[in-house]
>>> print(open('structure14.csv').read())   # CSV, C-alpha atoms and all ligand atoms
chain,number,residue,atom,x,y,z
A,1281,MET,CA,-56.6,15.1,-43.5
A,1282,LYS,CA,-58.3,17.8,-41.3
A,1283,ILE,CA,-56.9,21.3,-41.9
A,1284,VAL,CA,-57.7,24.8,-41.0
A,1285,LEU,CA,-56.2,27.5,-43.2
A,1286,LEU,CA,-55.3,30.7,-41.4
A,1287,GLY,CA,-54.1,34.1,-42.7
A,1288,PRO,CA,-55.4,37.6,-43.3
A,1289,PRO,CA,-58.0,38.3,-45.9
A,1290,GLY,CA,-56.3,38.2,-49.3
A,1291,ALA,CA,-53.5,35.9,-48.1
A,1292,GLY,CA,-54.4,33.3,-50.7
A,1293,LYS,CA,-56.4,30.9,-48.6
A,1294,GLY,CA,-59.1,30.3,-51.2
A,1295,THR,CA,-56.6,30.1,-54.0
A,1296,GLN,CA,-54.5,27.4,-52.3
A,1297,ALA,CA,-57.7,25.7,-51.0
A,1298,LYS,CA,-58.8,24.8,-54.5
A,1299,SER,CA,-55.4,23.0,-55.2
A,1300,ILE,CA,-55.2,21.4,-51.8
A,1301,SER,CA,-58.8,20.1,-52.1
A,1302,ASN,CA,-58.0,18.6,-55.5
A,1303,LYS,CA,-54.7,17.0,-54.5
A,1304,TYR,CA,-55.9,15.5,-51.2
A,1305,SER,CA,-59.5,14.9,-52.1
A,1306,VAL,CA,-61.0,16.7,-49.2
A,1307,PRO,CA,-63.9,19.1,-49.4
A,1308,HIS,CA,-63.1,22.8,-49.4
A,1309,ILE,CA,-65.4,24.5,-46.9
A,1310,SER,CA,-65.4,28.3,-47.0
A,1311,THR,CA,-67.8,30.1,-44.6
A,1312,GLY,CA,-67.5,33.2,-46.8
A,1313,ASP,CA,-68.6,31.1,-49.9
A,1314,ILE,CA,-71.5,29.7,-47.8
A,1315,PHE,CA,-72.6,33.2,-46.8
A,1316,ARG,CA,-72.3,34.5,-50.4
A,1317,TYR,CA,-74.3,31.6,-51.7
A,1318,ASN,CA,-77.1,32.3,-49.2
A,1319,ILE,CA,-77.0,36.0,-50.0
A,1320,SER,CA,-77.4,35.4,-53.7
A,1321,ASN,CA,-80.3,33.0,-53.1
A,1322,GLY,CA,-82.0,35.4,-50.7
A,1323,THR,CA,-82.3,32.9,-47.9
A,1324,PRO,CA,-83.0,34.0,-44.3
A,1325,LEU,CA,-79.4,33.3,-43.4
A,1326,GLY,CA,-78.3,35.3,-46.4
A,1327,ILE,CA,-80.4,38.3,-45.5
A,1328,GLU,CA,-79.0,38.3,-42.0
A,1329,ALA,CA,-75.4,37.7,-43.1
A,1330,LYS,CA,-75.5,40.4,-45.7
A,1331,LYS,CA,-75.7,43.1,-43.0
A,1332,TYR,CA,-72.3,42.0,-41.7
A,1333,LEU,CA,-70.5,41.2,-45.0
A,1334,ASP,CA,-71.4,44.6,-46.5
A,1335,LYS,CA,-69.7,46.4,-43.6
A,1336,GLY,CA,-66.7,44.0,-43.5
A,1337,HIS,CA,-67.8,42.8,-40.0
A,1338,LEU,CA,-67.8,39.3,-38.7
A,1339,VAL,CA,-71.1,37.4,-38.8
A,1340,PRO,CA,-72.0,36.6,-35.2
A,1341,ASP,CA,-70.4,33.4,-33.8
A,1342,GLU,CA,-73.8,31.7,-33.0
A,1343,LEU,CA,-74.8,31.7,-36.7
A,1344,THR,CA,-71.4,30.8,-38.0
A,1345,ILE,CA,-70.7,28.0,-35.6
A,1346,ASP,CA,-74.1,26.4,-36.4
A,1347,ILE,CA,-73.2,26.4,-40.1
A,1348,ILE,CA,-69.9,24.5,-39.5
A,1349,LYS,CA,-71.6,22.1,-37.1
A,1350,ASP,CA,-74.1,21.1,-39.9
A,1351,ARG,CA,-71.4,21.0,-42.6
A,1352,LEU,CA,-68.8,18.9,-40.8
A,1353,LYS,CA,-71.4,16.2,-40.0
A,1354,GLN,CA,-72.0,15.6,-43.7
A,1355,ASP,CA,-70.7,12.4,-45.2
A,1356,ASP,CA,-68.1,14.0,-47.5
A,1357,CYS,CA,-66.2,15.2,-44.4
A,1358,LYS,CA,-65.7,11.7,-42.9
A,1359,ASN,CA,-62.1,11.4,-44.3
A,1360,GLY,CA,-61.2,15.0,-43.9
A,1361,PHE,CA,-61.9,18.6,-44.7
A,1362,LEU,CA,-60.2,21.9,-45.4
A,1363,LEU,CA,-61.7,24.9,-43.5
A,1364,ASP,CA,-61.1,28.3,-45.2
A,1365,GLY,CA,-62.2,31.4,-43.3
A,1366,TYR,CA,-63.3,29.4,-40.2
A,1367,PRO,CA,-62.4,29.8,-37.3
A,1368,ARG,CA,-62.1,33.6,-37.2
A,1369,THR,CA,-62.4,34.0,-33.4
A,1370,VAL,CA,-61.1,32.1,-30.4
A,1371,ASN,CA,-64.7,31.2,-29.6
A,1372,GLN,CA,-65.2,29.6,-33.0
A,1373,ALA,CA,-61.9,27.7,-32.6
A,1374,GLU,CA,-63.1,26.3,-29.2
A,1375,ALA,CA,-66.4,25.4,-30.7
A,1376,LEU,CA,-64.6,23.5,-33.5
A,1377,GLU,CA,-62.5,21.6,-31.0
A,1378,THR,CA,-65.5,20.6,-29.0
A,1379,LEU,CA,-67.3,19.6,-32.2
A,1380,LEU,CA,-64.4,17.4,-33.4
A,1381,GLU,CA,-64.0,15.8,-30.0
A,1382,GLY,CA,-67.7,14.9,-30.2
A,1383,LEU,CA,-67.0,13.3,-33.6
A,1384,GLY,CA,-64.1,11.4,-32.2
A,1385,THR,CA,-61.4,13.3,-34.2
A,1386,LYS,CA,-59.1,16.3,-34.1
A,1387,LEU,CA,-57.3,18.7,-36.4
A,1388,ASP,CA,-54.1,17.7,-38.1
A,1389,THR,CA,-52.8,21.2,-38.7
A,1390,ALA,CA,-53.6,24.9,-38.7
A,1391,LEU,CA,-51.7,26.2,-41.8
A,1392,LEU,CA,-50.9,29.9,-41.7
A,1393,ILE,CA,-50.3,31.6,-45.0
A,1394,LYS,CA,-48.2,34.6,-43.9
A,1395,VAL,CA,-48.5,37.8,-45.9
A,1396,PRO,CA,-47.6,41.3,-44.7
A,1397,LYS,CA,-50.3,44.0,-44.8
A,1398,SER,CA,-48.5,45.9,-47.7
A,1399,PHE,CA,-49.6,43.1,-50.1
A,1400,ILE,CA,-53.2,42.9,-49.1
A,1401,ILE,CA,-54.9,46.0,-50.6
A,1402,ASP,CA,-53.6,45.2,-54.1
A,1403,ARG,CA,-54.5,41.6,-53.8
A,1404,MET,CA,-58.1,42.2,-52.7
A,1405,THR,CA,-59.0,45.1,-54.9
A,1406,GLY,CA,-57.8,43.2,-58.0
A,1407,ARG,CA,-59.5,40.0,-56.9
A,1408,ARG,CA,-62.2,38.5,-59.2
A,1409,VAL,CA,-64.2,35.5,-58.1
A,1410,CYS,CA,-66.3,32.9,-60.1
A,1411,LYS,CA,-70.0,33.2,-59.4
A,1412,ALA,CA,-70.5,29.5,-59.9
A,1413,CYS,CA,-67.5,27.7,-58.3
A,1414,GLY,CA,-65.9,30.4,-56.1
A,1415,ALA,CA,-62.5,30.2,-57.8
A,1416,SER,CA,-60.4,33.2,-57.0
A,1417,TYR,CA,-58.5,35.2,-59.7
A,1418,HIS,CA,-56.5,38.4,-59.9
A,1419,VAL,CA,-56.6,40.9,-62.7
A,1420,GLN,CA,-52.8,41.2,-62.6
A,1421,PHE,CA,-51.3,38.3,-60.6
A,1422,ASN,CA,-53.6,35.4,-61.8
A,1423,PRO,CA,-55.9,36.5,-64.6
A,1424,THR,CA,-58.4,34.2,-66.2
A,1425,LYS,CA,-57.5,33.1,-69.8
A,1426,THR,CA,-60.6,34.8,-71.1
A,1427,GLU,CA,-61.6,38.0,-69.4
A,1428,GLY,CA,-64.7,37.5,-67.1
A,1429,VAL,CA,-64.8,33.7,-67.6
A,1430,CYS,CA,-63.7,31.1,-65.0
A,1431,ASP,CA,-60.9,28.8,-66.3
A,1432,LEU,CA,-62.2,26.0,-64.2
A,1433,CYS,CA,-65.9,25.9,-64.8
A,1434,GLY,CA,-66.7,28.6,-67.4
A,1435,GLY,CA,-68.7,30.6,-64.9
A,1436,GLU,CA,-68.9,34.4,-64.9
A,1437,THR,CA,-66.3,36.2,-62.7
A,1438,TYR,CA,-67.2,39.3,-60.7
A,1439,GLN,CA,-65.7,41.7,-58.1
A,1440,ARG,CA,-66.9,41.0,-54.6
A,1441,ALA,CA,-68.9,43.9,-53.1
A,1442,ASP,CA,-66.7,43.8,-50.0
A,1443,ASP,CA,-63.4,44.0,-52.0
A,1444,ASN,CA,-63.3,47.8,-52.0
A,1445,GLU,CA,-60.6,49.8,-50.2
A,1446,ALA,CA,-62.8,51.0,-47.3
A,1447,THR,CA,-64.2,47.5,-46.4
A,1448,VAL,CA,-60.8,45.9,-46.8
A,1449,SER,CA,-59.3,48.2,-44.2
A,1450,GLU,CA,-62.2,47.4,-41.8
A,1451,ARG,CA,-61.6,43.7,-42.4
A,1452,LEU,CA,-57.9,44.0,-41.7
A,1453,GLU,CA,-58.6,45.7,-38.4
A,1454,ILE,CA,-61.1,43.0,-37.4
A,1455,TYR,CA,-58.5,40.4,-38.5
A,1456,ASP,CA,-55.9,41.9,-36.1
A,1457,ALA,CA,-58.3,42.2,-33.2
A,1458,GLN,CA,-60.2,39.0,-33.5
A,1459,THR,CA,-58.5,36.4,-35.8
A,1460,GLN,CA,-54.8,37.0,-35.3
A,1461,PRO,CA,-55.0,35.6,-31.7
A,1462,LEU,CA,-55.7,32.2,-33.3
A,1463,ILE,CA,-52.0,32.0,-34.4
A,1464,GLU,CA,-51.0,31.8,-30.7
A,1465,TYR,CA,-54.0,29.6,-29.9
A,1466,TYR,CA,-52.9,26.9,-32.4
A,1467,SER,CA,-49.2,27.4,-31.7
A,1468,ASN,CA,-49.9,26.6,-28.0
A,1469,LYS,CA,-51.5,23.4,-29.2
A,1470,ASN,CA,-48.5,22.5,-31.4
A,1471,LEU,CA,-50.8,22.6,-34.4
A,1472,LEU,CA,-49.4,25.6,-36.2
A,1473,THR,CA,-47.5,25.3,-39.5
A,1474,GLU,CA,-46.5,28.3,-41.8
A,1475,VAL,CA,-45.8,29.1,-45.4
A,1476,ASP,CA,-44.5,32.3,-46.9
A,1477,GLY,CA,-47.6,33.6,-48.9
A,1478,THR,CA,-45.6,36.4,-50.7
A,1479,GLN,CA,-44.2,33.8,-53.2
A,1480,THR,CA,-45.9,32.8,-56.4
A,1481,ILE,CA,-49.1,30.8,-56.2
A,1482,GLU,CA,-47.2,27.7,-57.5
A,1483,LYS,CA,-44.4,28.0,-55.0
A,1484,VAL,CA,-46.8,28.6,-52.1
A,1485,PHE,CA,-48.5,25.3,-53.1
A,1486,GLU,CA,-45.2,23.5,-53.3
A,1487,ASP,CA,-44.4,24.5,-49.8
A,1488,ILE,CA,-47.8,23.4,-48.6
A,1489,VAL,CA,-47.3,20.0,-50.2
A,1490,ASP,CA,-43.9,19.8,-48.4
A,1491,ILE,CA,-45.8,20.3,-45.1
A,1492,LEU,CA,-48.8,18.1,-45.8
A,1493,GLY,CA,-46.9,15.3,-47.5
A,1494,ALA,CA,-46.8,14.4,-51.2
A,1501,LIG,P1,-58.2,34.7,-49.3
A,1501,LIG,O1,-59.1,33.5,-49.6
A,1501,LIG,O2,-57.1,34.4,-48.3
A,1501,LIG,O3,-59.0,36.0,-48.9
A,1501,LIG,P2,-57.6,34.6,-52.1
A,1501,LIG,O4,-57.1,33.2,-52.3
A,1501,LIG,O5,-58.9,35.0,-52.6
A,1501,LIG,O6,-57.4,35.1,-50.6
A,1501,LIG,O7,-56.5,35.6,-52.8
A,1501,LIG,C1,-56.7,37.0,-52.8
A,1501,LIG,C2,-56.2,37.6,-54.1
A,1501,LIG,O8,-54.8,37.5,-54.2
A,1501,LIG,C3,-56.8,36.9,-55.3
A,1501,LIG,O9,-57.0,37.9,-56.3
A,1501,LIG,C4,-55.7,35.9,-55.8
A,1501,LIG,O10,-55.8,35.6,-57.2
A,1501,LIG,C5,-54.5,36.7,-55.4
A,1501,LIG,N1,-53.4,35.8,-54.9
A,1501,LIG,C6,-53.5,34.6,-54.2
A,1501,LIG,N2,-52.3,34.1,-53.9
A,1501,LIG,C7,-51.4,34.9,-54.5
A,1501,LIG,C8,-50.0,34.9,-54.7
A,1501,LIG,N3,-49.2,33.9,-54.1
A,1501,LIG,N4,-49.4,35.9,-55.4
A,1501,LIG,C9,-50.1,36.8,-56.0
A,1501,LIG,N5,-51.5,36.9,-55.9
A,1501,LIG,C10,-52.1,36.0,-55.2
A,1502,LIG,P1,-64.1,35.5,-46.8
A,1502,LIG,O1,-64.8,35.0,-48.0
A,1502,LIG,O2,-63.5,34.5,-46.0
A,1502,LIG,O3,-63.2,36.7,-47.1
A,1502,LIG,O4,-65.3,36.1,-45.9
A,1502,LIG,C1,-66.1,37.2,-46.3
A,1502,LIG,C2,-67.0,37.7,-45.2
A,1502,LIG,O5,-67.9,36.6,-44.7
A,1502,LIG,C3,-66.2,38.2,-43.9
A,1502,LIG,O6,-65.8,39.5,-44.1
A,1502,LIG,C4,-67.3,38.0,-42.8
A,1502,LIG,O7,-68.3,39.1,-42.9
A,1502,LIG,C5,-68.0,36.7,-43.3
A,1502,LIG,N1,-67.4,35.5,-42.7
A,1502,LIG,C6,-66.8,34.5,-43.3
A,1502,LIG,N2,-66.3,33.6,-42.5
A,1502,LIG,C7,-66.7,34.0,-41.2
A,1502,LIG,C8,-66.5,33.5,-39.9
A,1502,LIG,N3,-65.8,32.3,-39.7
A,1502,LIG,N4,-67.0,34.2,-38.9
A,1502,LIG,C9,-67.7,35.4,-39.1
A,1502,LIG,N5,-67.8,35.9,-40.3
A,1502,LIG,C10,-67.4,35.2,-41.3
>>> encode(input="structure14.csv", output="structure tokens")
Amino acid sequence: MKIVLLGPPGAGKGTQAKSISNKYSVPHISTGDIFRYNISNGTPLGIEAKKYLDKGHLVPDELTIDIIKDRLKQDDCKNGFLLDGYPRTVNQAEALETLLEGLGTKLDTALLIKVPKSFIIDRMTGRRVCKACGASYHVQFNPTKTEGVCDLCGGETYQRADDNEATVSERLEIYDAQTQPLIEYYSNKNLLTEVDGTQTIEKVFEDIVDILGA
């Protein structure tokens, strides 16, 4: 199963990705998680990427495409993968298509989690993320059982530096200008499927399973 998750920042892609990855045994590949891992380890990629993440801007396509090229060639992607946060530009989507063609395969679906703007600021400013496994929580809508401790792995949760109101607004503008066109891109290729992301986390997942198959 080869899936791209689409939707604005805060739509619930990372949240659903954890459940999809568990149920269908495909690796969850989040370019945002890869950048944050590199930033916290002070790698050259992390030092470069931080300049963009801090402002809420996109990391340049050249860097991002290379990361995905390397990642999708790894053995655990042979039977499928779930991309979360990639592609974010038409250029990245075209690069993905070329890459998959080269590997003799193609996407099964681009699954859009639809959420109106009015939900996003609350979701993102209340988000808490596990430092160790990247699991996403919300102080109000999906709190951890013990404050500050990840339910899944026991890691410490924290608030992302880019989840403040100013950066969120910037990211939403960038989403509209650069990422939203991917909806039409995948629709034209008859690959687009949609779920209503304003429902509970459990109901969104049920709808996803209806689309992907039990
Ligand atoms: P994305 O990966 O699309 O940026 P996340 O999965 O990190 O989004 O979700 C953003 C925030 O919204 C998190 O705090 C998460 O706990 C919360 N959230 C996700 N899905 C829902 C939902 N269906 N209802 C309420 N809150 C949600
Ligand atoms: P996310 O974790 O998906 O919210 O991404 C956090 C940040 O990482 C974004 O605001 C961008 O700065 C950067 N990023 C993640 N994925 C991409 C991508 N595909 N292209 C460019 N930048 C990205």
>>> residues_near_ligand(input="structure14.csv", ligand="ligand LIG 1502 (chain A)", cutoff="10 Å", atoms="all atoms listed in the file", output="PyMOL selection string")
chain A and resi 1287-1291+1293-1294+1310-1316+1329-1345+1347-1348+1363-1369+1372-1373+1404+1414+1440-1443+1447-1448+1450-1452+1454-1455+1458-1459
>>> residues_around(input="structure14.csv", residues="Asp1355 in chain A", least_positions_apart="5", cutoff="12 Å", atoms="all atoms listed in the file", output="CSV table (one decimal) with C-alpha atoms, keeping the file's coordinate frame")
chain,number,residue,atom,x,y,z
A,1306,VAL,CA,-61.0,16.7,-49.2
A,1307,PRO,CA,-63.9,19.1,-49.4
A,1350,ASP,CA,-74.1,21.1,-39.9
A,1360,GLY,CA,-61.2,15.0,-43.9
A,1361,PHE,CA,-61.9,18.6,-44.7
>>> residues_near_ligand(input="structure14.csv", ligand="ligand LIG 1501 (chain A)", cutoff="9 Å", atoms="only C-alpha atoms and all ligand atoms", output="ChimeraX atom specification")
/A:1285-1298,1310,1312,1364-1365,1393,1399-1400,1402-1409,1415-1423,1476-1485
>>> write_last_selection(input="structure14.csv", atoms="C-alpha atoms", output="tab-separated table (two decimals), keeping the file's coordinate frame")
chain	number	residue	atom	x	y	z
A	1285	LEU	CA	-56.20	27.50	-43.20
A	1286	LEU	CA	-55.30	30.70	-41.40
A	1287	GLY	CA	-54.10	34.10	-42.70
A	1288	PRO	CA	-55.40	37.60	-43.30
A	1289	PRO	CA	-58.00	38.30	-45.90
A	1290	GLY	CA	-56.30	38.20	-49.30
A	1291	ALA	CA	-53.50	35.90	-48.10
A	1292	GLY	CA	-54.40	33.30	-50.70
A	1293	LYS	CA	-56.40	30.90	-48.60
A	1294	GLY	CA	-59.10	30.30	-51.20
A	1295	THR	CA	-56.60	30.10	-54.00
A	1296	GLN	CA	-54.50	27.40	-52.30
A	1297	ALA	CA	-57.70	25.70	-51.00
A	1298	LYS	CA	-58.80	24.80	-54.50
A	1310	SER	CA	-65.40	28.30	-47.00
A	1312	GLY	CA	-67.50	33.20	-46.80
A	1364	ASP	CA	-61.10	28.30	-45.20
A	1365	GLY	CA	-62.20	31.40	-43.30
A	1393	ILE	CA	-50.30	31.60	-45.00
A	1399	PHE	CA	-49.60	43.10	-50.10
A	1400	ILE	CA	-53.20	42.90	-49.10
A	1402	ASP	CA	-53.60	45.20	-54.10
A	1403	ARG	CA	-54.50	41.60	-53.80
A	1404	MET	CA	-58.10	42.20	-52.70
A	1405	THR	CA	-59.00	45.10	-54.90
A	1406	GLY	CA	-57.80	43.20	-58.00
A	1407	ARG	CA	-59.50	40.00	-56.90
A	1408	ARG	CA	-62.20	38.50	-59.20
A	1409	VAL	CA	-64.20	35.50	-58.10
A	1415	ALA	CA	-62.50	30.20	-57.80
A	1416	SER	CA	-60.40	33.20	-57.00
A	1417	TYR	CA	-58.50	35.20	-59.70
A	1418	HIS	CA	-56.50	38.40	-59.90
A	1419	VAL	CA	-56.60	40.90	-62.70
A	1420	GLN	CA	-52.80	41.20	-62.60
A	1421	PHE	CA	-51.30	38.30	-60.60
A	1422	ASN	CA	-53.60	35.40	-61.80
A	1423	PRO	CA	-55.90	36.50	-64.60
A	1476	ASP	CA	-44.50	32.30	-46.90
A	1477	GLY	CA	-47.60	33.60	-48.90
A	1478	THR	CA	-45.60	36.40	-50.70
A	1479	GLN	CA	-44.20	33.80	-53.20
A	1480	THR	CA	-45.90	32.80	-56.40
A	1481	ILE	CA	-49.10	30.80	-56.20
A	1482	GLU	CA	-47.20	27.70	-57.50
A	1483	LYS	CA	-44.40	28.00	-55.00
A	1484	VAL	CA	-46.80	28.60	-52.10
A	1485	PHE	CA	-48.50	25.30	-53.10
>>> atom_distance(input="structure14.csv", atom1="CA of Thr1426 in chain A", atom2="CA of Asn1321 in chain A")
26.7 Å
>>> residues_around(input="structure14.csv", residues="Thr1389 in chain A", least_positions_apart="4", cutoff="8 Å", atoms="all atoms listed in the file", output="VMD selection string")
chain A and resid 1282 to 1284 1471 to 1473
>>> closest_residue(input="structure14.csv", among="A:Leu1383, A:Ile1300, A:Leu1392, A:Ala1412", to="Val1489 in chain A", atoms="all atoms listed in the file")
A:Ile1300
>>> residues_around(input="structure14.csv", residues="Ile1491 in chain A", least_positions_apart="5", cutoff="9 Å", atoms="only C-alpha atoms", output="compact mmCIF listing (two decimals) with C-alpha atoms, in the coordinates of the input")
# COMPACT_ATOMS: atom_id res chain seq x y z
CA LEU A 1391 -51.70 26.20 -41.80
CA THR A 1473 -47.50 25.30 -39.50
CA GLU A 1474 -46.50 28.30 -41.80
CA VAL A 1475 -45.80 29.10 -45.40
CA GLU A 1486 -45.20 23.50 -53.30
>>> closest_residue(input="structure14.csv", among="A:Ser1305, A:Ile1401, A:Cys1357, A:Asp1456", to="Asn1444 in chain A", atoms="only C-alpha atoms")
A:Ile1401
